[in-house]
>>> print(open('target-v2.txt').read())   # compact mmCIF, C-alpha atoms and all ligand atoms
# COMPACT_ATOMS: atom_id res chain seq x y z
CA MET A 1 -66.46 1.67 197.63
CA ALA A 2 -66.69 -1.50 199.71
CA LEU A 3 -67.26 -1.01 203.41
CA ALA A 4 -64.46 -1.91 205.82
CA PRO A 5 -65.18 -5.25 207.49
CA ASN A 6 -66.29 -5.17 211.12
CA VAL A 7 -63.56 -7.04 212.98
CA TYR A 8 -64.91 -6.43 216.48
CA ASP A 9 -68.24 -8.28 216.50
CA ALA A 10 -68.10 -11.80 217.92
CA GLU A 11 -69.70 -14.87 216.33
CA PRO A 12 -73.21 -15.69 217.54
CA ILE A 13 -73.31 -18.14 220.47
CA PRO A 14 -74.40 -21.61 219.21
CA PRO A 15 -78.18 -22.14 219.55
CA ALA A 16 -77.64 -25.14 221.86
CA ALA A 17 -76.71 -22.65 224.60
CA ARG A 18 -80.23 -21.17 224.59
CA ALA A 19 -82.08 -24.26 225.77
CA GLU A 20 -79.56 -24.80 228.56
CA ILE A 21 -79.73 -21.15 229.67
CA GLU A 22 -83.54 -21.35 229.62
CA ARG A 23 -83.32 -24.43 231.85
CA LEU A 24 -80.97 -22.64 234.26
CA LEU A 25 -83.21 -19.55 234.35
CA THR A 26 -86.22 -21.70 235.09
CA SER A 27 -84.55 -23.66 237.87
CA GLY A 28 -82.48 -20.74 239.18
CA ASP A 29 -79.57 -23.17 239.52
CA LEU A 30 -76.70 -20.78 238.73
CA PHE A 31 -74.14 -21.77 241.40
CA ARG A 32 -71.74 -24.55 240.46
CA TYR A 33 -71.89 -26.24 243.88
CA THR A 34 -75.67 -26.39 244.38
CA ALA A 35 -76.05 -29.64 242.44
CA PRO A 36 -74.27 -32.66 243.95
CA GLU A 37 -72.74 -33.52 240.57
CA ASN A 38 -72.71 -32.74 236.85
CA SER A 39 -73.30 -29.00 237.17
CA PRO A 40 -72.61 -27.20 233.87
CA VAL A 41 -69.29 -25.94 235.30
CA ALA A 42 -68.25 -29.48 236.32
CA LEU A 43 -69.20 -30.83 232.88
CA LEU A 44 -67.22 -28.02 231.22
CA GLU A 45 -64.17 -29.02 233.28
CA GLN A 46 -64.47 -32.67 232.23
CA GLU A 47 -64.98 -31.79 228.57
CA PHE A 48 -62.17 -29.26 228.46
CA ALA A 49 -59.68 -31.59 230.15
CA ALA A 50 -60.61 -34.38 227.70
CA MET A 51 -60.31 -32.04 224.72
CA MET A 52 -56.85 -30.86 225.81
CA GLY A 53 -55.59 -34.29 226.88
CA SER A 54 -54.89 -33.28 230.48
CA ARG A 55 -56.03 -35.01 233.68
CA PHE A 56 -57.69 -32.12 235.50
CA ALA A 57 -59.32 -28.78 234.77
CA LEU A 58 -60.61 -26.04 237.06
CA ALA A 59 -62.91 -23.38 235.59
CA VAL A 60 -62.60 -19.91 237.15
CA SER A 61 -63.68 -16.32 236.58
CA SER A 62 -60.82 -15.29 234.25
CA CYS A 63 -57.43 -16.32 232.91
CA SER A 64 -55.92 -13.77 235.31
CA ALA A 65 -57.57 -15.63 238.21
CA ALA A 66 -56.19 -18.91 236.82
CA LEU A 67 -52.66 -17.44 236.70
CA PHE A 68 -53.01 -16.09 240.24
CA LEU A 69 -54.30 -19.43 241.57
CA SER A 70 -51.50 -21.27 239.73
CA LEU A 71 -48.87 -19.24 241.56
CA LYS A 72 -50.72 -19.67 244.87
CA ALA A 73 -51.11 -23.43 244.28
CA LEU A 74 -47.38 -23.70 243.59
CA GLY A 75 -46.92 -22.55 247.18
CA LEU A 76 -44.54 -19.73 246.30
CA PRO A 77 -43.55 -17.77 249.41
CA ARG A 78 -44.13 -14.01 249.52
CA ASP A 79 -41.69 -11.97 247.38
CA SER A 80 -40.70 -14.94 245.22
CA LYS A 81 -39.40 -13.84 241.83
CA VAL A 82 -41.39 -15.00 238.82
CA LEU A 83 -39.82 -14.71 235.36
CA ILE A 84 -42.27 -13.48 232.68
CA PRO A 85 -41.87 -12.13 229.14
CA ALA A 86 -41.78 -8.33 228.80
CA PHE A 87 -44.27 -8.55 225.92
CA THR A 88 -47.54 -9.62 227.48
CA PHE A 89 -50.82 -8.17 228.70
CA ALA A 90 -50.67 -6.08 231.90
CA ALA A 91 -52.92 -8.67 233.61
CA VAL A 92 -49.94 -11.10 233.68
CA PRO A 93 -47.51 -9.05 235.82
CA SER A 94 -50.63 -8.05 237.78
CA SER A 95 -51.42 -11.69 238.60
CA VAL A 96 -47.86 -12.04 239.92
CA VAL A 97 -48.29 -8.95 242.11
CA HIS A 98 -51.69 -10.29 243.25
CA ALA A 99 -49.95 -13.51 244.36
CA GLU A 100 -47.54 -11.35 246.43
CA CYS A 101 -44.64 -12.26 244.14
CA ILE A 102 -42.28 -10.08 242.12
CA PRO A 103 -42.22 -10.20 238.32
CA VAL A 104 -38.84 -10.23 236.55
CA LEU A 105 -39.12 -9.29 232.88
CA ALA A 106 -37.30 -11.13 230.08
CA GLU A 107 -36.63 -9.60 226.67
CA VAL A 108 -38.82 -10.49 223.69
CA GLY A 109 -37.44 -10.38 220.14
CA ALA A 110 -38.70 -9.05 216.81
CA ASP A 111 -40.42 -12.41 216.20
CA PHE A 112 -42.70 -11.70 219.25
CA ARG A 113 -41.12 -14.65 221.11
CA ILE A 114 -38.99 -14.79 224.25
CA ASP A 115 -35.32 -13.97 223.64
CA LEU A 116 -33.76 -17.22 224.84
CA ALA A 117 -30.30 -15.84 225.64
CA ASP A 118 -31.80 -13.12 227.85
CA PHE A 119 -34.25 -15.61 229.41
CA GLU A 120 -31.40 -18.00 230.24
CA ALA A 121 -29.25 -15.25 231.73
CA ARG A 122 -32.08 -14.03 233.99
CA LEU A 123 -33.19 -17.56 234.94
CA PHE A 124 -29.73 -18.66 236.03
CA ASP A 125 -28.57 -15.37 237.57
CA PRO A 126 -28.25 -16.23 241.30
CA ALA A 127 -29.04 -12.61 242.18
CA ASN A 128 -32.52 -13.08 240.64
CA ASP A 129 -33.37 -16.26 242.56
CA ILE A 130 -36.23 -17.12 240.15
CA ARG A 131 -38.81 -19.48 241.75
CA ALA A 132 -41.27 -19.90 238.85
CA VAL A 133 -41.76 -18.97 235.21
CA ILE A 134 -44.89 -17.80 233.39
CA ILE A 135 -44.68 -18.16 229.62
CA SER A 136 -47.17 -15.87 227.89
CA HIS A 137 -47.83 -17.10 224.38
CA MET A 138 -48.65 -13.53 223.47
CA ARG A 139 -51.21 -13.21 220.64
CA GLY A 140 -50.74 -16.97 220.26
CA HIS A 141 -47.04 -16.75 219.29
CA THR A 142 -45.37 -19.77 220.88
CA SER A 143 -41.90 -19.30 222.31
CA ASP A 144 -39.44 -22.20 221.93
CA MET A 145 -40.98 -24.53 224.51
CA ASP A 146 -38.30 -27.21 224.03
CA ALA A 147 -35.54 -24.83 225.07
CA ILE A 148 -37.63 -23.22 227.83
CA MET A 149 -38.69 -26.54 229.42
CA GLU A 150 -35.11 -27.79 229.33
CA MET A 151 -33.79 -24.66 231.03
CA ALA A 152 -36.57 -24.68 233.63
CA ARG A 153 -35.90 -28.36 234.41
CA ALA A 154 -32.18 -27.70 234.74
CA ARG A 155 -32.93 -24.79 237.08
CA GLY A 156 -35.63 -26.78 238.93
CA VAL A 157 -38.46 -24.22 238.60
CA PRO A 158 -42.07 -24.86 237.49
CA VAL A 159 -43.48 -23.42 234.26
CA VAL A 160 -46.97 -21.93 234.08
CA GLU A 161 -48.28 -21.45 230.53
CA ASP A 162 -50.39 -18.36 229.91
CA ALA A 163 -52.27 -19.84 226.96
CA ALA A 164 -55.07 -17.22 227.10
CA HIS A 165 -54.71 -16.62 223.39
CA SER A 166 -53.41 -20.04 222.34
CA LEU A 167 -56.42 -22.35 222.47
CA GLY A 168 -55.96 -24.71 219.51
CA THR A 169 -52.25 -24.03 219.01
CA THR A 170 -50.00 -27.10 219.02
CA TRP A 171 -46.25 -27.62 219.53
CA HIS A 172 -44.87 -30.86 218.04
CA GLY A 173 -48.55 -31.87 217.80
CA ARG A 174 -49.13 -31.36 221.53
CA ASN A 175 -51.66 -28.83 222.81
CA ILE A 176 -50.25 -25.59 224.12
CA GLY A 177 -51.13 -25.37 227.80
CA THR A 178 -50.23 -29.04 228.44
CA ILE A 179 -46.46 -28.57 228.26
CA GLY A 180 -45.83 -26.69 231.50
CA LYS A 181 -47.02 -27.77 234.94
CA VAL A 182 -50.19 -25.67 234.55
CA GLY A 183 -51.89 -24.14 231.50
CA CYS A 184 -54.27 -21.17 231.79
CA PHE A 185 -56.89 -20.11 229.22
CA SER A 186 -59.33 -17.21 228.84
CA PHE A 187 -62.98 -17.11 227.74
CA GLN A 188 -63.04 -13.29 227.58
CA SER A 189 -64.80 -12.02 224.45
CA TYR A 190 -61.65 -11.33 222.38
CA LYS A 191 -60.44 -14.92 222.67
CA LEU A 192 -61.34 -17.97 220.57
CA VAL A 193 -64.15 -19.07 222.90
CA ASN A 194 -66.32 -16.17 224.08
CA ALA A 195 -68.28 -16.14 227.34
CA GLY A 196 -67.82 -12.43 228.03
CA GLU A 197 -65.58 -13.42 230.94
CA GLY A 198 -64.16 -16.68 232.23
CA GLY A 199 -61.04 -18.78 232.44
CA ILE A 200 -59.83 -22.32 233.02
CA MET A 201 -56.63 -23.96 234.22
CA ILE A 202 -55.44 -27.47 233.37
CA SER A 203 -52.82 -29.68 234.99
CA ASP A 204 -51.87 -33.33 235.47
CA ASP A 205 -50.80 -32.61 239.06
CA ALA A 206 -53.61 -33.74 241.40
CA ASP A 207 -52.21 -32.03 244.47
CA LEU A 208 -51.72 -28.70 242.70
CA ILE A 209 -55.25 -28.77 241.24
CA ALA A 210 -56.67 -29.78 244.62
CA ARG A 211 -55.12 -26.70 246.23
CA ALA A 212 -56.35 -24.48 243.38
CA VAL A 213 -59.88 -25.95 243.64
CA ILE A 214 -60.08 -25.13 247.35
CA MET A 215 -58.63 -21.63 246.92
CA SER A 216 -61.00 -20.92 244.01
CA GLY A 217 -63.82 -21.21 246.55
CA ALA A 218 -64.70 -24.89 247.10
CA TYR A 219 -65.40 -24.15 250.76
CA GLU A 220 -66.29 -26.84 253.35
CA HIS A 221 -66.70 -30.14 251.48
CA ASN A 222 -67.56 -28.76 248.05
CA TRP A 223 -64.30 -30.26 246.80
CA LYS A 224 -66.11 -33.61 246.88
CA LYS A 225 -67.88 -32.43 243.73
CA HIS A 226 -64.54 -32.46 241.86
CA PRO A 227 -63.14 -35.71 240.48
CA VAL A 228 -59.57 -34.96 241.63
CA LEU A 229 -57.99 -37.64 243.84
CA HIS A 230 -59.77 -37.08 247.11
CA ASP A 231 -56.88 -37.79 249.45
CA ALA A 232 -55.20 -34.76 247.86
CA PHE A 233 -58.11 -32.60 249.05
CA ALA A 234 -58.35 -34.00 252.56
CA ARG A 235 -54.76 -32.92 253.21
CA TRP A 236 -55.64 -29.27 252.52
CA GLN A 237 -58.99 -28.96 254.31
CA ASN A 238 -59.17 -25.60 256.19
CA ARG A 239 -55.50 -24.90 255.49
CA LEU A 240 -55.90 -22.58 252.51
CA PRO A 241 -57.57 -19.19 251.97
CA LEU A 242 -60.73 -19.06 249.84
CA TYR A 243 -60.31 -16.45 247.13
CA ASN A 244 -63.72 -17.13 245.50
CA THR A 245 -62.90 -16.89 241.81
CA ARG A 246 -65.52 -19.43 240.73
CA LEU A 247 -67.30 -19.58 237.37
CA SER A 248 -71.10 -19.39 237.12
CA ASN A 249 -73.23 -22.11 235.52
CA LEU A 250 -74.52 -19.51 233.04
CA SER A 251 -71.00 -18.92 231.72
CA ALA A 252 -70.38 -22.66 231.43
CA ALA A 253 -73.62 -23.02 229.46
CA ILE A 254 -72.33 -20.42 227.00
CA ILE A 255 -68.87 -22.01 226.74
CA ARG A 256 -69.73 -25.71 226.40
CA PRO A 257 -71.40 -25.65 222.95
CA GLN A 258 -68.53 -23.50 221.63
CA LEU A 259 -65.93 -26.20 222.33
CA ALA A 260 -67.20 -28.11 219.29
CA GLU A 261 -66.58 -24.96 217.20
CA VAL A 262 -62.90 -24.73 218.15
CA PRO A 263 -61.49 -26.90 215.31
CA ARG A 264 -63.36 -24.87 212.66
CA ARG A 265 -62.37 -21.53 214.21
CA VAL A 266 -58.74 -22.68 214.38
CA ARG A 267 -58.74 -23.87 210.77
CA ASP A 268 -60.43 -20.74 209.39
CA GLY A 269 -58.38 -18.40 211.58
CA ARG A 270 -55.13 -19.93 210.38
CA ARG A 271 -56.26 -19.85 206.74
CA ASN A 272 -57.23 -16.17 207.04
CA HIS A 273 -54.01 -15.26 208.80
CA ASP A 274 -51.76 -17.04 206.32
CA TYR A 275 -53.60 -15.52 203.36
CA VAL A 276 -53.11 -11.96 204.64
CA ALA A 277 -49.53 -12.73 205.79
CA ASP A 278 -48.57 -13.77 202.24
CA ILE A 279 -49.81 -10.46 200.84
CA LEU A 280 -48.13 -8.35 203.53
CA ASN A 281 -44.82 -10.20 203.13
CA ARG A 282 -44.73 -9.14 199.47
CA SER A 283 -44.53 -5.51 200.56
CA PRO A 284 -41.00 -4.21 201.26
CA TRP A 285 -42.37 -2.26 204.25
CA MET A 286 -43.99 -5.07 206.26
CA SER A 287 -42.90 -8.44 207.58
CA VAL A 288 -44.88 -11.20 209.31
CA PRO A 289 -42.54 -13.47 211.30
CA PRO A 290 -43.06 -17.15 210.38
CA PRO A 291 -44.15 -19.73 212.98
CA LEU A 292 -41.43 -21.81 214.62
CA PRO A 293 -41.09 -25.24 212.93
CA PRO A 294 -42.81 -27.30 215.71
CA GLU A 295 -45.61 -24.74 216.02
CA ARG A 296 -49.06 -24.93 214.42
CA ARG A 297 -50.81 -21.66 215.17
CA ALA A 298 -54.46 -20.76 215.84
CA PRO A 299 -54.52 -17.00 215.13
CA ASP A 300 -57.52 -14.66 215.39
CA SER A 301 -55.43 -11.57 214.62
CA ILE A 302 -52.27 -10.74 212.71
CA GLN A 303 -49.08 -9.10 213.98
CA PHE A 304 -46.44 -7.72 211.65
CA ASN A 305 -43.37 -5.48 211.87
CA LEU A 306 -42.95 -2.25 209.93
CA LEU A 307 -39.62 -2.11 208.13
CA GLU A 308 -37.44 0.95 207.57
CA MET A 309 -40.03 3.35 208.97
CA SER A 310 -39.27 6.21 211.36
CA ASP A 311 -41.54 6.92 214.33
CA GLU A 312 -43.26 9.59 212.27
CA GLN A 313 -43.76 7.26 209.30
CA THR A 314 -45.06 4.55 211.63
CA ARG A 315 -47.70 6.95 212.96
CA ALA A 316 -48.52 8.07 209.43
CA PHE A 317 -48.95 4.42 208.38
CA ALA A 318 -51.40 3.71 211.21
CA ALA A 319 -53.34 6.88 210.32
CA ALA A 320 -53.40 5.98 206.60
CA ALA A 321 -54.69 2.46 207.37
CA GLY A 322 -57.29 3.97 209.71
CA ALA A 323 -58.42 6.34 206.94
CA ARG A 324 -59.01 3.23 204.80
CA GLY A 325 -61.17 1.75 207.57
CA VAL A 326 -58.63 -0.69 209.03
CA SER A 327 -57.65 -0.10 212.63
CA VAL A 328 -53.95 -0.79 213.30
CA GLN A 329 -52.56 -0.72 216.80
CA VAL A 330 -48.81 -0.19 217.08
CA PHE A 331 -48.26 -1.72 220.52
CA GLY A 332 -45.64 0.78 221.67
CA MET A 333 -47.25 3.88 220.19
CA SER A 334 -50.90 3.83 221.16
CA PRO A 335 -51.21 5.86 224.39
CA ASP A 336 -51.28 3.87 227.64
CA ASN A 337 -51.18 0.54 225.78
CA ALA A 338 -51.52 -2.28 228.34
CA ARG A 339 -49.02 -4.45 226.41
CA ALA A 340 -46.16 -1.92 226.60
CA TYR A 341 -44.10 -2.77 229.67
CA TRP A 342 -43.18 0.87 230.38
CA ASN A 343 -46.85 1.48 231.15
CA TRP A 344 -46.79 -1.07 234.00
CA LYS A 345 -46.01 1.70 236.51
CA PHE A 346 -47.66 -0.35 239.29
CA LEU A 347 -44.42 -2.39 239.29
CA GLY A 348 -42.44 0.67 240.38
CA GLU A 349 -39.28 1.07 238.32
CA THR A 350 -39.47 -1.00 235.11
CA PRO A 351 -36.12 -2.03 233.63
CA GLU A 352 -34.97 -0.84 230.23
CA LEU A 353 -35.37 -3.66 227.72
CA PRO A 354 -34.06 -2.37 224.37
CA LYS A 355 -35.03 -5.39 222.23
CA THR A 356 -38.58 -5.51 223.49
CA ARG A 357 -38.92 -1.74 223.20
CA ALA A 358 -37.63 -1.74 219.60
CA MET A 359 -40.11 -4.50 218.70
CA LEU A 360 -43.06 -2.76 220.39
CA MET A 361 -42.35 0.50 218.51
CA ARG A 362 -42.82 -1.18 215.10
CA ALA A 363 -45.07 -4.18 215.83
CA CYS A 364 -48.62 -3.80 214.52
CA ASP A 365 -51.73 -5.61 215.60
CA VAL A 366 -54.82 -6.09 213.40
CA ARG A 367 -57.81 -8.21 214.33
CA LEU A 368 -58.63 -10.98 211.88
CA PRO A 369 -61.51 -13.06 213.24
CA ALA A 370 -62.07 -16.54 211.81
CA ARG A 371 -65.48 -15.58 210.36
CA LEU A 372 -63.99 -13.14 207.78
CA LYS A 373 -64.45 -14.03 204.10
CA ARG A 374 -61.94 -13.72 201.26
CA ALA A 375 -63.23 -10.33 200.04
CA GLU A 376 -62.94 -8.91 203.57
CA LEU A 377 -59.39 -10.24 203.90
CA ASP A 378 -58.53 -8.64 200.56
CA PHE A 379 -59.97 -5.36 201.78
CA ILE A 380 -57.80 -5.43 204.91
CA ALA A 381 -54.61 -6.58 203.15
CA THR A 382 -55.01 -4.01 200.35
CA ALA A 383 -55.63 -1.21 202.85
CA LEU A 384 -52.44 -2.11 204.73
CA VAL A 385 -50.30 -2.39 201.58
CA GLU A 386 -51.65 0.90 200.21
CA ALA A 387 -51.20 2.66 203.55
CA ALA A 388 -47.52 1.64 203.58
CA GLU A 389 -47.08 2.81 199.98
CA GLU A 390 -48.75 6.13 200.74
CA VAL A 391 -46.16 6.75 203.45
CA MET A 392 -43.06 5.12 201.93
CA GLY A 393 -43.74 5.35 198.20
CA ARG A 394 -44.40 2.58 195.75
CA PRO A 395 -41.65 -0.04 195.69
CA ARG A 396 -39.65 0.22 192.45
CA ALA A 397 -39.73 -2.89 190.29
CA PHE A 398 -36.38 -4.56 189.63
CA GLY A 399 -34.53 -3.31 186.53
CA THR A 400 -36.13 0.11 186.38
C1 LIG B 501 -56.53 -11.99 227.46
C2 LIG B 501 -55.22 -12.38 228.01
C3 LIG B 501 -55.03 -12.51 229.40
C4 LIG B 501 -56.10 -12.18 230.42
O1 LIG B 501 -57.23 -12.98 230.29
P1 LIG B 501 -58.52 -12.63 231.22
O2 LIG B 501 -59.41 -13.83 231.07
O3 LIG B 501 -59.14 -11.39 230.64
O4 LIG B 501 -58.04 -12.43 232.59
C5 LIG B 501 -53.79 -12.92 229.84
N1 LIG B 501 -52.79 -13.18 228.99
C6 LIG B 501 -52.92 -13.06 227.65
C7 LIG B 501 -51.78 -13.40 226.74
C8 LIG B 501 -54.14 -12.65 227.11
O5 LIG B 501 -54.28 -12.52 225.79
>>> encode(input="target-v2.txt", output="structure tokens")
Amino acid sequence: MALAPNVYDAEPIPPAARAEIERLLTSGDLFRYTAPENSPVALLEQEFAAMMGSRFALAVSSCSAALFLSLKALGLPRDSKVLIPAFTFAAVPSSVVHAECIPVLAEVGADFRIDLADFEARLFDPANDIRAVIISHMRGHTSDMDAIMEMARARGVPVVEDAAHSLGTTWHGRNIGTIGKVGCFSFQSYKLVNAGEGGIMISDDADLIARAVIMSGAYEHNWKKHPVLHDAFARWQNRLPLYNTRLSNLSAAIIRPQLAEVPRRVRDGRRNHDYVADILNRSPWMSVPPPLPPERRAPDSIQFNLLEMSDEQTRAFAAAAGARGVSVQVFGMSPDNARAYWNWKFLGETPELPKTRAMLMRACDVRLPARLKRAELDFIATALVEAAEEVMGRPRAFGT
């Protein structure tokens, strides 16, 4: 029998990183602000901003740090309410708490995207007094950014995009992360570009980026090593706390040569995803929601809903897939899952959100890295289809 593909190993880091790391080890120059200019972190910022088509970028220690700094740079007063989707990673409500704000959760539908009617109701409810919005494009599923931007404009609140898992995704041909006021990305190992840890934020707003640069730890006059309009910096000298969430030159050296790999990873990831999605959609027991029409996705995993299964059958399906060597995570069923909002007990009382809960109890997550080959995709798809049939029975052909 064929062996189950390993979906956890990352791709090797491009060889170009080795020479640069060797150079950094030899010189000991690991801190981004030691060199007066063109440190690896500064070059990463220039290259990433150019690649995304945004004016400014600030590299930091994680996407969570980027989200935190975004809220801080927006100048939100303590206890401001920030509207976020209820289907996201626990780090997102945590970044809101870290910024001394209060997350308000909006429902997410069976298509893994924000429920717009619920979002609108919460955004415009005067009792909520929403001051900012974070849109998590969870697992790279883009919510309707046209509708969201229009509502946020009408309500007069800024939008932060959590694009941690959306590098390479476009919306009407425009890069995700450039639609809101700020876009935040992750270089943690399970994302498209892997540096172990790391993050970056992009924005066209010079004053906002200037504040974020200072708060990220550009103490004294280190901000002069950033190309942001310098009068924006001078205004904020000594007026902001220094949270020290900088990125190291070593991380930048690992990230920079991977940027050239992004188009290939996006293309292969989408091809792999769509191939497996077609097979799963032929089963009566599984459904992969289609992308929204303006959306061109960059998946490195696949999410699908189980149809007509009870809780017990859902568990049996995950076990049957596991027995075939394919690990399936049902977001709402794996114990202490960090993407199930009822586990965010650090928020105190979490509201009851029936749509999101129903989705989480049947939504499955399977890793599908871009490097997988056709035979490995067939192995995974067949295991999932057979696992569903083992639990639910073989679908009867029409006319029998
Ligand atoms: C991974 C992820 C994060 C957190 O990124 P870190 O760099 O680990 O802080 C936030 N949001 C989403 C949607 C993610 O997938």
>>> closest_residue(input="target-v2.txt", among="A:Ala212, A:Ala277, A:Lys225, A:Ala388", to="Thr34 of chain A", atoms="all atoms listed in the file")
A:Lys225
>>> closest_atom_pairs(input="target-v2.txt", of="chain A", to="ligand LIG 501 (chain B)", cutoff="9 Å", atoms="only C-alpha atoms and all ligand atoms", output="CSV")
residue,atom,partner,partner_atom,distance
A:Ser61,CA,B:LIG501,O2,7.4
A:Ser62,CA,B:LIG501,O2,3.8
A:Cys63,CA,B:LIG501,O2,3.7
A:Ser64,CA,B:LIG501,O4,3.7
A:Ala65,CA,B:LIG501,O4,6.5
A:Ala66,CA,B:LIG501,O4,8.0
A:Leu67,CA,B:LIG501,C5,8.3
A:Phe87,CA,B:LIG501,C7,9.0
A:Thr88,CA,B:LIG501,C7,5.7
A:Phe89,CA,B:LIG501,N1,5.4
A:Ala90,CA,B:LIG501,C5,7.8
A:Ala91,CA,B:LIG501,C4,5.7
A:Val92,CA,B:LIG501,C5,5.7
A:Ser95,CA,B:LIG501,O4,9.0
A:Ser136,CA,B:LIG501,C7,5.4
A:His137,CA,B:LIG501,C7,5.9
A:Met138,CA,B:LIG501,C7,4.5
A:Arg139,CA,B:LIG501,O5,6.0
A:Gly140,CA,B:LIG501,C7,7.5
A:Asp162,CA,B:LIG501,N1,5.8
A:Ala163,CA,B:LIG501,C7,6.5
A:Ala164,CA,B:LIG501,C8,4.7
A:His165,CA,B:LIG501,O5,4.8
A:Ser166,CA,B:LIG501,C7,8.1
A:Cys184,CA,B:LIG501,C5,8.5
A:Phe185,CA,B:LIG501,O2,7.0
A:Ser186,CA,B:LIG501,O2,4.1
A:Phe187,CA,B:LIG501,O2,5.9
A:Gln188,CA,B:LIG501,O2,5.1
A:Ser189,CA,B:LIG501,O3,8.4
A:Tyr190,CA,B:LIG501,C1,7.2
A:Lys191,CA,B:LIG501,C1,6.8
A:Glu197,CA,B:LIG501,O2,6.2
A:Gly198,CA,B:LIG501,O2,5.7
A:Gly199,CA,B:LIG501,O2,5.4
A:Ile200,CA,B:LIG501,O2,8.7
>>> atom_distance(input="target-v2.txt", atom1="atom CA of Glu107 of chain A", atom2="atom CA of Met359 of chain A")
10.1 Å
>>> residues_around(input="target-v2.txt", residues="Gly269 of chain A", least_positions_apart="3", cutoff="7 Å", atoms="all atoms listed in the file", output="list in words")
Arg265, Val266, Asn272, His273, Ala298, Pro299, Asp300, Pro369 and Ala370 of chain A
>>> write_last_selection(input="target-v2.txt", atoms="C-alpha atoms", output="JSON list (two decimals), in the frame of the given file")
[["chain", "number", "residue", "atom", "x", "y", "z"],
["A", 265, "ARG", "CA", -62.37, -21.53, 214.21],
["A", 266, "VAL", "CA", -58.74, -22.68, 214.38],
["A", 272, "ASN", "CA", -57.23, -16.17, 207.04],
["A", 273, "HIS", "CA", -54.01, -15.26, 208.80],
["A", 298, "ALA", "CA", -54.46, -20.76, 215.84],
["A", 299, "PRO", "CA", -54.52, -17.00, 215.13],
["A", 300, "ASP", "CA", -57.52, -14.66, 215.39],
["A", 369, "PRO", "CA", -61.51, -13.06, 213.24],
["A", 370, "ALA", "CA", -62.07, -16.54, 211.81]]
>>> atom_distance(input="target-v2.txt", atom1="atom CA of Thr142 of chain A", atom2="atom CA of Gly177 of chain A")
10.6 Å
